[in-house]
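Trainee: Structure file final.cif (mmCIF, C-alpha atoms) right here:
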```cif
data_coords
#
loop_
_atom_site.label_atom_id
_atom_site.label_comp_id
_atom_site.auth_asym_id
_atom_site.auth_seq_id
_atom_site.Cartn_x
_atom_site.Cartn_y
_atom_site.Cartn_z
CA THR A 1 15.63 -4.49 -1.78
CA GLU A 2 17.06 -2.64 -4.75
CA ASN A 3 20.26 -4.67 -4.56
CA GLY A 4 18.30 -7.90 -4.48
CA ASP A 5 16.28 -6.93 -7.53
CA THR A 6 19.44 -5.96 -9.39
CA CYS A 7 21.11 -9.24 -8.52
CA ALA A 8 18.08 -11.15 -9.75
CA LEU A 9 18.24 -9.35 -13.07
CA VAL A 10 21.96 -9.94 -13.37
CA CYS A 11 21.57 -13.63 -12.54
CA LEU A 12 18.82 -13.96 -15.09
CA TYR A 13 21.19 -12.97 -17.86
CA ALA A 14 24.33 -14.62 -16.47
CA ALA A 15 26.13 -17.11 -18.70
CA PRO A 16 26.23 -20.77 -17.55
CA ALA A 17 29.34 -22.24 -15.96
CA GLY A 18 32.10 -22.78 -18.51
CA GLY A 19 30.62 -20.08 -20.70
CA GLY A 20 33.81 -19.56 -22.73
CA LYS A 21 33.91 -23.19 -23.82
CA HIS A 22 30.24 -23.26 -24.74
CA THR A 23 30.56 -20.00 -26.61
CA ALA A 24 33.44 -21.37 -28.68
CA GLU A 25 31.49 -24.53 -29.46
CA ARG A 26 28.46 -22.51 -30.52
CA TYR A 27 30.69 -20.38 -32.76
CA GLN A 28 32.12 -23.44 -34.46
CA ALA A 29 28.67 -24.93 -34.93
CA LYS A 30 27.40 -21.65 -36.32
CA LYS A 31 30.41 -21.42 -38.61
CA GLY A 32 29.69 -24.93 -39.83
CA ARG A 33 26.08 -24.05 -40.58
CA ARG A 34 27.17 -21.08 -42.68
CA GLN A 35 29.24 -23.45 -44.78
CA SER A 36 26.35 -25.86 -45.32
CA PRO A 37 24.86 -25.82 -48.85
CA GLU A 38 21.36 -25.89 -47.30
CA SER A 39 21.90 -22.82 -45.17
CA LEU A 40 20.41 -20.39 -47.71
CA GLU A 41 17.21 -22.42 -48.02
CA ALA A 42 17.06 -22.82 -44.25
CA ARG A 43 17.36 -19.06 -43.80
CA ARG A 44 14.56 -18.54 -46.31
CA ASN A 45 12.36 -20.99 -44.36
CA ARG A 46 13.15 -19.24 -41.10
CA TYR A 47 12.32 -15.88 -42.66
CA THR A 48 8.99 -17.23 -43.96
CA TYR A 49 8.17 -18.61 -40.48
CA ARG A 50 9.00 -15.32 -38.78
CA ARG A 51 6.94 -13.43 -41.31
CA SER A 52 3.95 -15.73 -40.79
CA VAL A 53 4.25 -15.36 -37.03
CA SER A 54 4.38 -11.59 -37.40
CA ILE A 55 1.24 -11.64 -39.52
CA VAL A 56 -0.59 -13.75 -36.92
CA ILE A 57 0.48 -11.44 -34.10
CA CYS A 58 -0.55 -8.44 -36.17
CA ASN A 59 -3.98 -9.99 -36.83
CA ILE A 60 -4.44 -10.76 -33.15
CA LYS A 61 -3.55 -7.18 -32.29
CA HIS A 62 -6.06 -5.77 -34.77
CA SER A 63 -8.71 -8.16 -33.44
CA ARG A 64 -8.14 -6.94 -29.88
CA GLU A 65 -8.29 -3.32 -31.04
CA ALA A 66 -11.60 -4.04 -32.74
CA THR A 67 -12.96 -5.60 -29.55
CA MET A 68 -11.83 -2.59 -27.52
CA ALA A 69 -13.50 -0.30 -30.03
CA ARG A 70 -16.80 -2.13 -29.55
CA ASN A 71 -16.43 -1.78 -25.76
CA ALA A 72 -14.76 1.62 -25.56
CA HIS A 73 -15.99 2.37 -22.02
CA PRO A 74 -15.88 -0.87 -19.99
CA GLU A 75 -15.87 0.98 -16.65
CA VAL A 76 -19.10 2.75 -17.56
CA THR A 77 -20.72 -0.61 -18.38
CA ARG A 78 -19.36 -2.12 -15.16
CA THR A 79 -20.78 0.76 -13.11
CA ARG A 80 -24.18 0.43 -14.79
CA ILE A 81 -24.27 -3.27 -13.92
CA LEU A 82 -23.40 -2.56 -10.28
CA ASP A 83 -25.98 0.23 -10.04
CA ALA A 84 -28.72 -1.97 -11.48
CA ALA A 85 -27.82 -4.90 -9.24
CA GLN A 86 -27.72 -2.66 -6.17
CA ARG A 87 -31.22 -1.33 -6.93
CA LEU A 88 -32.54 -4.87 -7.27
CA PHE A 89 -30.78 -6.12 -4.13
CA MET A 90 -32.39 -3.26 -2.19
CA ALA A 91 -35.84 -3.78 -3.71
CA GLN A 92 -36.16 -7.56 -3.56
CA GLY A 93 -33.11 -8.83 -1.70
CA TYR A 94 -29.93 -10.55 -2.81
CA GLU A 95 -31.36 -14.06 -2.63
CA HIS A 96 -34.34 -13.19 -4.86
CA THR A 97 -32.31 -11.43 -7.55
CA SER A 98 -30.96 -13.36 -10.53
CA ILE A 99 -28.59 -12.44 -13.33
CA GLN A 100 -31.62 -12.43 -15.66
CA ASN A 101 -33.28 -9.85 -13.39
CA ILE A 102 -30.21 -7.65 -13.77
CA VAL A 103 -30.31 -8.11 -17.56
CA ASP A 104 -33.98 -7.08 -17.59
CA GLU A 105 -33.26 -4.08 -15.35
CA LEU A 106 -30.54 -2.83 -17.71
CA GLY A 107 -32.53 -3.47 -20.86
CA ASP A 108 -29.70 -3.23 -23.40
CA LEU A 109 -27.16 -5.79 -22.18
CA SER A 110 -27.12 -9.55 -22.59
CA LYS A 111 -26.13 -12.15 -20.03
CA GLY A 112 -22.91 -12.59 -21.96
CA ALA A 113 -22.10 -8.91 -21.55
CA ILE A 114 -22.61 -9.15 -17.81
CA TYR A 115 -20.51 -12.32 -17.54
CA HIS A 116 -17.79 -10.52 -19.47
CA HIS A 117 -17.40 -8.20 -16.47
CA PHE A 118 -18.44 -10.48 -13.59
CA SER A 119 -18.20 -14.24 -13.28
CA SER A 120 -21.22 -14.59 -10.97
CA LYS A 121 -23.84 -12.81 -8.89
CA GLU A 122 -21.55 -13.30 -5.89
CA GLU A 123 -18.80 -11.35 -7.63
CA ILE A 124 -21.25 -8.54 -8.40
CA PHE A 125 -22.18 -8.36 -4.71
CA GLU A 126 -18.50 -8.33 -3.71
CA ALA A 127 -17.88 -5.43 -6.10
CA ILE A 128 -20.82 -3.51 -4.62
CA SER A 129 -19.48 -4.15 -1.12
CA HIS A 130 -16.02 -3.00 -2.18
CA ARG A 131 -17.45 0.20 -3.66
CA ILE A 132 -19.37 0.96 -0.46
CA GLY A 133 -16.29 0.08 1.58
CA GLU A 134 -14.21 2.62 -0.31
CA GLU A 135 -16.75 5.33 0.52
CA ASN A 136 -16.75 4.28 4.18
CA THR A 137 -12.97 4.26 4.30
CA SER A 138 -12.81 7.91 3.27
CA ALA A 139 -15.35 8.94 5.90
CA LEU A 140 -13.77 6.91 8.71
CA ALA A 141 -10.26 8.12 7.89
CA LYS A 142 -11.37 11.69 8.54
CA VAL A 143 -12.46 10.71 12.05
CA ARG A 144 -9.30 8.71 12.72
CA ASP A 145 -7.12 11.63 11.67
CA ASP A 146 -9.09 14.31 13.56
CA LYS A 147 -6.56 15.94 15.89
CA SER A 148 -9.21 17.73 17.98
CA LEU A 149 -10.42 14.53 19.71
CA ASN A 150 -8.77 12.36 22.34
CA GLY A 151 -8.62 8.60 21.92
CA LEU A 152 -11.89 7.70 23.64
CA GLU A 153 -13.80 10.50 21.92
CA LYS A 154 -12.39 9.41 18.59
CA LEU A 155 -13.32 5.75 19.21
CA ARG A 156 -16.92 6.72 19.93
CA ALA A 157 -16.96 9.10 16.96
CA ILE A 158 -15.71 6.51 14.47
CA PHE A 159 -18.37 4.02 15.62
CA LYS A 160 -21.07 6.67 15.27
CA ALA A 161 -19.79 7.58 11.82
CA ALA A 162 -20.05 3.95 10.76
CA LEU A 163 -23.35 3.25 12.50
CA PHE A 164 -25.21 6.29 11.18
CA ASN A 165 -23.63 6.40 7.75
CA SER A 166 -26.20 6.13 4.96
CA ASN A 167 -24.28 3.13 3.66
CA GLN A 168 -25.08 1.25 6.88
CA SER A 169 -28.76 0.87 6.05
CA LEU A 170 -27.82 0.10 2.45
CA MET A 171 -25.57 -2.78 3.49
CA LEU A 172 -28.17 -4.13 5.90
CA THR A 173 -30.67 -4.14 3.03
CA VAL A 174 -28.57 -5.67 0.24
CA THR A 175 -26.52 -8.16 2.28
CA PRO A 176 -27.98 -11.67 2.65
CA CYS A 177 -27.95 -13.60 5.93
CA LEU A 178 -24.25 -14.19 6.55
CA LEU A 179 -24.71 -17.56 8.22
CA ASP A 180 -26.33 -18.81 5.01
CA ASN A 181 -23.51 -17.30 2.93
CA PRO A 182 -20.25 -18.22 4.66
CA ARG A 183 -18.18 -16.81 1.79
CA PHE A 184 -19.46 -13.31 2.54
CA LEU A 185 -19.04 -13.80 6.29
CA ALA A 186 -15.44 -14.90 5.77
CA MET A 187 -14.83 -11.90 3.53
CA GLN A 188 -16.16 -9.52 6.18
CA ILE A 189 -14.12 -11.11 8.99
CA ALA A 190 -10.98 -10.99 6.84
CA GLN A 191 -11.49 -7.25 6.31
CA LEU A 192 -11.83 -6.76 10.07
CA TYR A 193 -8.50 -8.45 10.75
CA GLN A 194 -6.61 -7.11 7.75
CA ILE A 195 -7.90 -3.54 7.40
CA VAL A 196 -10.32 -2.16 9.97
CA ALA A 197 -8.69 -3.32 13.22
CA PRO A 198 -5.04 -2.56 12.40
CA LYS A 199 -5.51 0.58 10.29
CA PHE A 200 -8.40 2.32 12.05
CA ILE A 201 -9.15 1.00 15.54
CA GLN A 202 -5.67 0.12 16.80
CA PRO A 203 -4.21 3.61 16.16
CA ILE A 204 -7.14 5.18 18.00
CA LEU A 205 -6.73 2.83 20.97
CA GLN A 206 -3.01 3.58 21.06
CA GLN A 207 -3.76 7.30 21.09
CA GLY A 208 -6.23 6.81 23.96
CA ILE A 209 -3.66 4.82 25.94
CA ASP A 210 -1.08 7.54 25.34
CA ASP A 211 -3.37 10.45 26.30
CA GLY A 212 -4.91 8.60 29.26
CA SER A 213 -8.51 8.54 28.04
CA ILE A 214 -8.37 4.74 27.63
CA GLN A 215 -6.96 2.56 30.41
CA ALA A 216 -6.13 -0.52 28.38
CA THR A 217 -3.25 -2.67 27.18
CA ASN A 218 -2.52 -4.66 24.02
CA PRO A 219 -4.22 -2.26 21.55
CA GLY A 220 -3.76 -4.59 18.59
CA GLU A 221 -5.53 -7.55 20.16
CA LEU A 222 -8.15 -5.30 21.75
CA ALA A 223 -8.92 -3.74 18.37
CA GLU A 224 -9.54 -7.18 16.88
CA ALA A 225 -11.80 -8.20 19.78
CA ILE A 226 -13.86 -5.01 19.55
CA MET A 227 -14.37 -5.40 15.81
CA VAL A 228 -15.30 -9.09 15.96
CA LEU A 229 -17.82 -8.46 18.74
CA SER A 230 -19.36 -5.41 17.10
CA ASN A 231 -19.44 -6.81 13.55
CA VAL A 232 -20.37 -10.41 14.29
CA TRP A 233 -22.03 -10.68 17.69
CA LEU A 234 -23.92 -7.37 17.38
CA ASN A 235 -24.57 -7.83 13.65
CA PRO A 236 -28.23 -8.73 12.92
CA LEU A 237 -27.15 -10.26 9.59
CA VAL A 238 -25.29 -12.93 11.55
CA SER A 239 -27.62 -13.58 14.47
CA MET A 240 -31.07 -12.01 14.67
CA THR A 241 -32.59 -11.09 18.00
CA ASP A 242 -35.47 -8.96 19.24
CA GLU A 243 -35.23 -5.42 20.60
CA ALA A 244 -34.72 -6.52 24.20
CA GLY A 245 -32.08 -9.02 23.15
CA MET A 246 -30.12 -6.42 21.18
CA ARG A 247 -30.29 -3.96 24.07
CA ASN A 248 -28.92 -6.64 26.39
CA ARG A 249 -26.12 -7.39 23.94
CA CYS A 250 -25.16 -3.71 23.77
CA GLU A 251 -25.15 -3.40 27.56
CA THR A 252 -23.03 -6.56 27.84
CA PHE A 253 -20.68 -5.16 25.20
CA ASN A 254 -20.27 -2.03 27.31
CA ASP A 255 -19.58 -4.12 30.43
CA LEU A 256 -16.92 -6.12 28.60
CA LEU A 257 -15.15 -3.01 27.34
CA GLN A 258 -15.33 -1.36 30.75
CA GLY A 259 -13.49 -4.38 32.10
CA VAL A 260 -10.55 -3.67 29.79
CA GLY A 261 -10.45 0.08 30.44
CA ILE A 262 -12.94 1.63 28.00
CA ASN A 263 -15.75 3.25 29.98
CA GLN A 264 -19.29 3.85 28.69
CA PHE A 265 -18.39 3.17 25.11
CA LEU A 266 -21.85 2.80 23.55
CA ASP A 267 -24.06 5.71 24.56
CA ASP A 268 -27.88 5.71 24.35
CA GLU A 269 -27.83 7.07 20.78
CA MET A 270 -25.61 4.26 19.54
CA ILE A 271 -27.61 1.59 21.37
CA GLU A 272 -30.78 2.89 19.73
CA GLY A 273 -28.94 2.78 16.41
CA TYR A 274 -28.20 -0.92 16.86
CA ILE A 275 -31.80 -1.61 17.89
#
```
What do you get writing this file as structure tokens?

Mentor:
Amino acid sequence: TENGDTCALVCLYAAPAGGGKHTAERYQAKKGRRQSPESLEARRNRYTYRRSVSIVICNIKHSREATMARNAHPEVTRTRILDAAQRLFMAQGYEHTSIQNIVDELGDLSKGAIYHHFSSKEEIFEAISHRIGEENTSALAKVRDDKSLNGLEKLRAIFKAALFNSNQSLMLTVTPCLLDNPRFLAMQIAQLYQIVAPKFIQPILQQGIDDGSIQATNPGELAEAIMVLSNVWLNPLVSMTDEAGMRNRCETFNDLLQGVGINQFLDDEMIEGYI
């Protein structure tokens, strides 16, 4: 709260207990130092020290400014690295792309320059995923906020928007097998629980419950279950299956949702999209 923050600031600068006594003692000590015959020399030494510190700080500042001048557009460089890595991930896969490949693709950057922006190939992939996720968020928010659709229509529409988005095929191409890369799987599941389920799916389910198009309860928990099933169980990057197996999974997914009050969720077009 604002009061809490103010109190913290006040406490930070509050005098210790018995402040008057300590203040008097400090005054006497200071007075004694002024009377010392060495005080002038001591002040000169302190001035020299402060001046040397100021020079060092000044030099550090100029050094940083020089570095910034050499890298005047770090975001442009960062974007170029991500673009090059994304092209390579699509062409030859994440697992078969190295940092040296990215260096060769760029042509004018060293490994050191890349490591200045990203600590590892994994971090580059995470940045690409984040960039794609931001684009998806904008598209999905438009569906979530569309006032012309009821809850069930909106739930189907947001799944179609995600499934047939051009970024969907991109992610399927650049993302490695998630079972072999548990860090990426954990990252995806965390996003489901922290962002997608509560901020996109739960509000739609609540709208459907309110308008009667969805006969369900516990929208928060249901949103989590839907997202885990659709993004893990139906995700070919987690568990591959053949065409018949994926069709059976989609039909079972529909049966499960019908049991909790969401009828005929995946239509034929969406099932074909999964297959």

Trainee: Would you list the contacts of Leu192 (chain A) as a list in words, taking every protein, DNA or RNA residue within 12 Å and counting only C-alpha atoms, but skipping same-chain residues closer than 5 positions in sequence?

Mentor: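 These residues fall inside the cut-off: Gly133, Leu185, Ala186, Met187, Ala197, Pro198, Lys199, Phe200, Ile201, Gln202, Gly220, Glu221, Ala223, Glu224, Ala225, Ile226, Met227, Val228, Leu229, Ser230, Asn231 and Val232 of chain A.
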
Trainee: Please provide the set of residues having any atom within 7 Å of Leu178 (chain A), restricted to all atoms listed in the file, with same-chain residues fewer than 6 positions apart removed, written as a PyMOL selection string.

Mentor: chain A and resi 184-185+237-238

Trainee: Take the residues from that selection and write them out as a compact mmCIF listing (two decimals), in the frame of the given file, keeping C-alpha atoms.

Mentor:
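As written to disk, selection.txt reads:
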```txt
# COMPACT_ATOMS: atom_id res chain seq x y z
CA PHE A 184 -19.46 -13.31 2.54
CA LEU A 185 -19.04 -13.80 6.29
CA LEU A 237 -27.15 -10.26 9.59
CA VAL A 238 -25.29 -12.93 11.55
```

Trainee: Once the PyMOL selection byres ((chain A and resi 249) around 12) has been evaluated on this model, what residues remain selected, and can you format them as a PDB file with C-alpha atoms, in the coordinates of the input?

Mentor:
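File result08.pdb, as written:
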```pdb
ATOM      1  CA  LEU A 229     -17.820  -8.460  18.740  1.00  0.00           C
ATOM      2  CA  SER A 230     -19.360  -5.410  17.100  1.00  0.00           C
ATOM      3  CA  VAL A 232     -20.370 -10.410  14.290  1.00  0.00           C
ATOM      4  CA  TRP A 233     -22.030 -10.680  17.690  1.00  0.00           C
ATOM      5  CA  LEU A 234     -23.920  -7.370  17.380  1.00  0.00           C
ATOM      6  CA  ASN A 235     -24.570  -7.830  13.650  1.00  0.00           C
ATOM      7  CA  PRO A 236     -28.230  -8.730  12.920  1.00  0.00           C
ATOM      8  CA  SER A 239     -27.620 -13.580  14.470  1.00  0.00           C
ATOM      9  CA  MET A 240     -31.070 -12.010  14.670  1.00  0.00           C
ATOM     10  CA  THR A 241     -32.590 -11.090  18.000  1.00  0.00           C
ATOM     11  CA  ASP A 242     -35.470  -8.960  19.240  1.00  0.00           C
ATOM     12  CA  GLU A 243     -35.230  -5.420  20.600  1.00  0.00           C
ATOM     13  CA  ALA A 244     -34.720  -6.520  24.200  1.00  0.00           C
ATOM     14  CA  GLY A 245     -32.080  -9.020  23.150  1.00  0.00           C
ATOM     15  CA  MET A 246     -30.120  -6.420  21.180  1.00  0.00           C
ATOM     16  CA  ARG A 247     -30.290  -3.960  24.070  1.00  0.00           C
ATOM     17  CA  ASN A 248     -28.920  -6.640  26.390  1.00  0.00           C
ATOM     18  CA  CYS A 250     -25.160  -3.710  23.770  1.00  0.00           C
ATOM     19  CA  GLU A 251     -25.150  -3.400  27.560  1.00  0.00           C
ATOM     20  CA  THR A 252     -23.030  -6.560  27.840  1.00  0.00           C
ATOM     21  CA  PHE A 253     -20.680  -5.160  25.200  1.00  0.00           C
ATOM     22  CA  ASN A 254     -20.270  -2.030  27.310  1.00  0.00           C
ATOM     23  CA  ASP A 255     -19.580  -4.120  30.430  1.00  0.00           C
ATOM     24  CA  LEU A 256     -16.920  -6.120  28.600  1.00  0.00           C
ATOM     25  CA  LEU A 266     -21.850   2.800  23.550  1.00  0.00           C
ATOM     26  CA  ILE A 271     -27.610   1.590  21.370  1.00  0.00           C
ATOM     27  CA  TYR A 274     -28.200  -0.920  16.860  1.00  0.00           C
ATOM     28  CA  ILE A 275     -31.800  -1.610  17.890  1.00  0.00           C
TER      29      ILE A 275
END
```

Trainee: I want to know what sits within 12 Å of Ser129 (chain A), based on only C-alpha atoms, with residues of the same chain fewer than 3 positions away left out; could you give that as a VMD selection string?

Mentor: chain A and resid 82 to 83 85 to 86 89 122 to 126 132 to 137 167 to 168 170 to 176 184 187 to 188 191

Trainee: Hey, what comes out of the PyMOL selection byres ((chain A and resi 150) around 8) on this file? Could you write it as a list in words?

Mentor: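 With the PyMOL selection byres ((chain A and resi 150) around 8) on this model, the match is Lys147, Ser148, Leu149, Gly151, Leu152, Glu153, Lys154, Gln207, Gly208, Asp211 and Ser213 of chain A.
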
Trainee: Would you output that residue set with C-alpha atoms, as a compact mmCIF listing (two decimals), in the coordinates of the input?

Mentor:
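Okay, this is what ended up in out.txt:
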```txt
# COMPACT_ATOMS: atom_id res chain seq x y z
CA LYS A 147 -6.56 15.94 15.89
CA SER A 148 -9.21 17.73 17.98
CA LEU A 149 -10.42 14.53 19.71
CA GLY A 151 -8.62 8.60 21.92
CA LEU A 152 -11.89 7.70 23.64
CA GLU A 153 -13.80 10.50 21.92
CA LYS A 154 -12.39 9.41 18.59
CA GLN A 207 -3.76 7.30 21.09
CA GLY A 208 -6.23 6.81 23.96
CA ASP A 211 -3.37 10.45 26.30
CA SER A 213 -8.51 8.54 28.04
```

Trainee: Which value, in Å to one decimal, gives the distance between CA of Asn101 (chain A) and CA of Leu88 (chain A)?

Mentor: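 Distance between the two atoms: 7.9 Å.
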
Trainee: What does the distance between CA of Asp267 (chain A) and CA of Ile158 (chain A) come to in Å, to one decimal place?

Mentor: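 Atom-to-atom, CA of Asp267 (chain A) to CA of Ile158 (chain A), that is 13.1 Å.
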
Trainee: As an exercise, work out the distance from CA of Arg78 (chain A) to CA of His117 (chain A) in Å and give it to one decimal place.

Mentor: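 About the pair CA of Arg78 (chain A) and CA of His117 (chain A): they are 6.5 Å apart.
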
Trainee: Where atoms are missing, can you supply all heavy atoms for region 186-196 of chain A and output the lot as a PDB file, in the frame of the given file?

Mentor:
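Once written, part.pdb looks like this:
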```pdb
ATOM      1  N   ALA A 186     -16.900 -14.796   5.730  1.00  0.00           N
ATOM      2  CA  ALA A 186     -15.440 -14.900   5.770  1.00  0.00           C
ATOM      3  C   ALA A 186     -14.784 -13.656   5.195  1.00  0.00           C
ATOM      4  O   ALA A 186     -13.763 -13.182   5.714  1.00  0.00           O
ATOM      5  CB  ALA A 186     -14.992 -16.141   4.999  1.00  0.00           C
ATOM      6  N   MET A 187     -15.365 -13.111   4.134  1.00  0.00           N
ATOM      7  CA  MET A 187     -14.830 -11.900   3.530  1.00  0.00           C
ATOM      8  C   MET A 187     -14.888 -10.733   4.506  1.00  0.00           C
ATOM      9  O   MET A 187     -13.926  -9.966   4.642  1.00  0.00           O
ATOM     10  CB  MET A 187     -15.622 -11.566   2.260  1.00  0.00           C
ATOM     11  CG  MET A 187     -15.155 -10.331   1.525  1.00  0.00           C
ATOM     12  SD  MET A 187     -16.098 -10.041  -0.005  1.00  0.00           S
ATOM     13  CE  MET A 187     -17.711  -9.582   0.685  1.00  0.00           C
ATOM     14  N   GLN A 188     -16.010 -10.604   5.226  1.00  0.00           N
ATOM     15  CA  GLN A 188     -16.160  -9.520   6.180  1.00  0.00           C
ATOM     16  C   GLN A 188     -15.177  -9.674   7.347  1.00  0.00           C
ATOM     17  O   GLN A 188     -14.531  -8.706   7.754  1.00  0.00           O
ATOM     18  CB  GLN A 188     -17.586  -9.481   6.735  1.00  0.00           C
ATOM     19  CG  GLN A 188     -17.793  -8.389   7.780  1.00  0.00           C
ATOM     20  CD  GLN A 188     -19.255  -8.244   8.167  1.00  0.00           C
ATOM     21  OE1 GLN A 188     -20.139  -8.447   7.349  1.00  0.00           O
ATOM     22  NE2 GLN A 188     -19.511  -7.891   9.410  1.00  0.00           N
ATOM     23  N   ILE A 189     -15.037 -10.882   7.874  1.00  0.00           N
ATOM     24  CA  ILE A 189     -14.120 -11.110   8.990  1.00  0.00           C
ATOM     25  C   ILE A 189     -12.682 -10.847   8.564  1.00  0.00           C
ATOM     26  O   ILE A 189     -11.882 -10.267   9.320  1.00  0.00           O
ATOM     27  CB  ILE A 189     -14.294 -12.526   9.549  1.00  0.00           C
ATOM     28  CG1 ILE A 189     -15.669 -12.668  10.216  1.00  0.00           C
ATOM     29  CG2 ILE A 189     -13.191 -12.857  10.557  1.00  0.00           C
ATOM     30  CD1 ILE A 189     -15.996 -14.068  10.694  1.00  0.00           C
ATOM     31  N   ALA A 190     -12.331 -11.243   7.345  1.00  0.00           N
ATOM     32  CA  ALA A 190     -10.980 -10.990   6.840  1.00  0.00           C
ATOM     33  C   ALA A 190     -10.693  -9.497   6.791  1.00  0.00           C
ATOM     34  O   ALA A 190      -9.590  -9.051   7.149  1.00  0.00           O
ATOM     35  CB  ALA A 190     -10.811 -11.617   5.462  1.00  0.00           C
ATOM     36  N   GLN A 191     -11.674  -8.696   6.363  1.00  0.00           N
ATOM     37  CA  GLN A 191     -11.490  -7.250   6.310  1.00  0.00           C
ATOM     38  C   GLN A 191     -11.302  -6.666   7.710  1.00  0.00           C
ATOM     39  O   GLN A 191     -10.523  -5.721   7.898  1.00  0.00           O
ATOM     40  CB  GLN A 191     -12.680  -6.594   5.617  1.00  0.00           C
ATOM     41  CG  GLN A 191     -12.748  -6.881   4.127  1.00  0.00           C
ATOM     42  CD  GLN A 191     -14.009  -6.343   3.487  1.00  0.00           C
ATOM     43  OE1 GLN A 191     -14.967  -5.973   4.160  1.00  0.00           O
ATOM     44  NE2 GLN A 191     -14.028  -6.305   2.162  1.00  0.00           N
ATOM     45  N   LEU A 192     -11.992  -7.245   8.697  1.00  0.00           N
ATOM     46  CA  LEU A 192     -11.830  -6.760  10.070  1.00  0.00           C
ATOM     47  C   LEU A 192     -10.396  -6.948  10.545  1.00  0.00           C
ATOM     48  O   LEU A 192      -9.802  -6.049  11.140  1.00  0.00           O
ATOM     49  CB  LEU A 192     -12.786  -7.504  11.010  1.00  0.00           C
ATOM     50  CG  LEU A 192     -14.285  -7.347  10.764  1.00  0.00           C
ATOM     51  CD1 LEU A 192     -15.074  -8.148  11.787  1.00  0.00           C
ATOM     52  CD2 LEU A 192     -14.694  -5.886  10.806  1.00  0.00           C
ATOM     53  N   TYR A 193      -9.850  -8.135  10.288  1.00  0.00           N
ATOM     54  CA  TYR A 193      -8.500  -8.450  10.750  1.00  0.00           C
ATOM     55  C   TYR A 193      -7.425  -7.739   9.931  1.00  0.00           C
ATOM     56  O   TYR A 193      -6.394  -7.335  10.471  1.00  0.00           O
ATOM     57  CB  TYR A 193      -8.262  -9.962  10.703  1.00  0.00           C
ATOM     58  CG  TYR A 193      -8.829 -10.703  11.887  1.00  0.00           C
ATOM     59  CD1 TYR A 193     -10.001 -11.435  11.776  1.00  0.00           C
ATOM     60  CD2 TYR A 193      -8.185 -10.685  13.124  1.00  0.00           C
ATOM     61  CE1 TYR A 193     -10.536 -12.123  12.863  1.00  0.00           C
ATOM     62  CE2 TYR A 193      -8.702 -11.366  14.214  1.00  0.00           C
ATOM     63  CZ  TYR A 193      -9.870 -12.089  14.075  1.00  0.00           C
ATOM     64  OH  TYR A 193     -10.393 -12.761  15.159  1.00  0.00           O
ATOM     65  N   GLN A 194      -7.656  -7.597   8.634  1.00  0.00           N
ATOM     66  CA  GLN A 194      -6.610  -7.110   7.750  1.00  0.00           C
ATOM     67  C   GLN A 194      -6.627  -5.595   7.567  1.00  0.00           C
ATOM     68  O   GLN A 194      -5.570  -5.000   7.291  1.00  0.00           O
ATOM     69  CB  GLN A 194      -6.730  -7.790   6.387  1.00  0.00           C
ATOM     70  CG  GLN A 194      -6.527  -9.299   6.437  1.00  0.00           C
ATOM     71  CD  GLN A 194      -6.919  -9.989   5.143  1.00  0.00           C
ATOM     72  OE1 GLN A 194      -7.236  -9.331   4.139  1.00  0.00           O
ATOM     73  NE2 GLN A 194      -6.920 -11.313   5.140  1.00  0.00           N
ATOM     74  N   ILE A 195      -7.800  -4.971   7.706  1.00  0.00           N
ATOM     75  CA  ILE A 195      -7.900  -3.540   7.400  1.00  0.00           C
ATOM     76  C   ILE A 195      -8.430  -2.734   8.578  1.00  0.00           C
ATOM     77  O   ILE A 195      -7.737  -1.849   9.098  1.00  0.00           O
ATOM     78  CB  ILE A 195      -8.819  -3.311   6.169  1.00  0.00           C
ATOM     79  CG1 ILE A 195      -8.265  -4.056   4.953  1.00  0.00           C
ATOM     80  CG2 ILE A 195      -8.957  -1.828   5.872  1.00  0.00           C
ATOM     81  CD1 ILE A 195      -9.169  -4.029   3.746  1.00  0.00           C
ATOM     82  N   VAL A 196      -9.641  -3.044   9.016  1.00  0.00           N
ATOM     83  CA  VAL A 196     -10.320  -2.160   9.970  1.00  0.00           C
ATOM     84  C   VAL A 196      -9.597  -2.126  11.319  1.00  0.00           C
ATOM     85  O   VAL A 196      -9.294  -1.050  11.840  1.00  0.00           O
ATOM     86  CB  VAL A 196     -11.787  -2.592  10.162  1.00  0.00           C
ATOM     87  CG1 VAL A 196     -12.491  -1.620  11.101  1.00  0.00           C
ATOM     88  CG2 VAL A 196     -12.500  -2.658   8.827  1.00  0.00           C
TER      89      VAL A 196
END
```
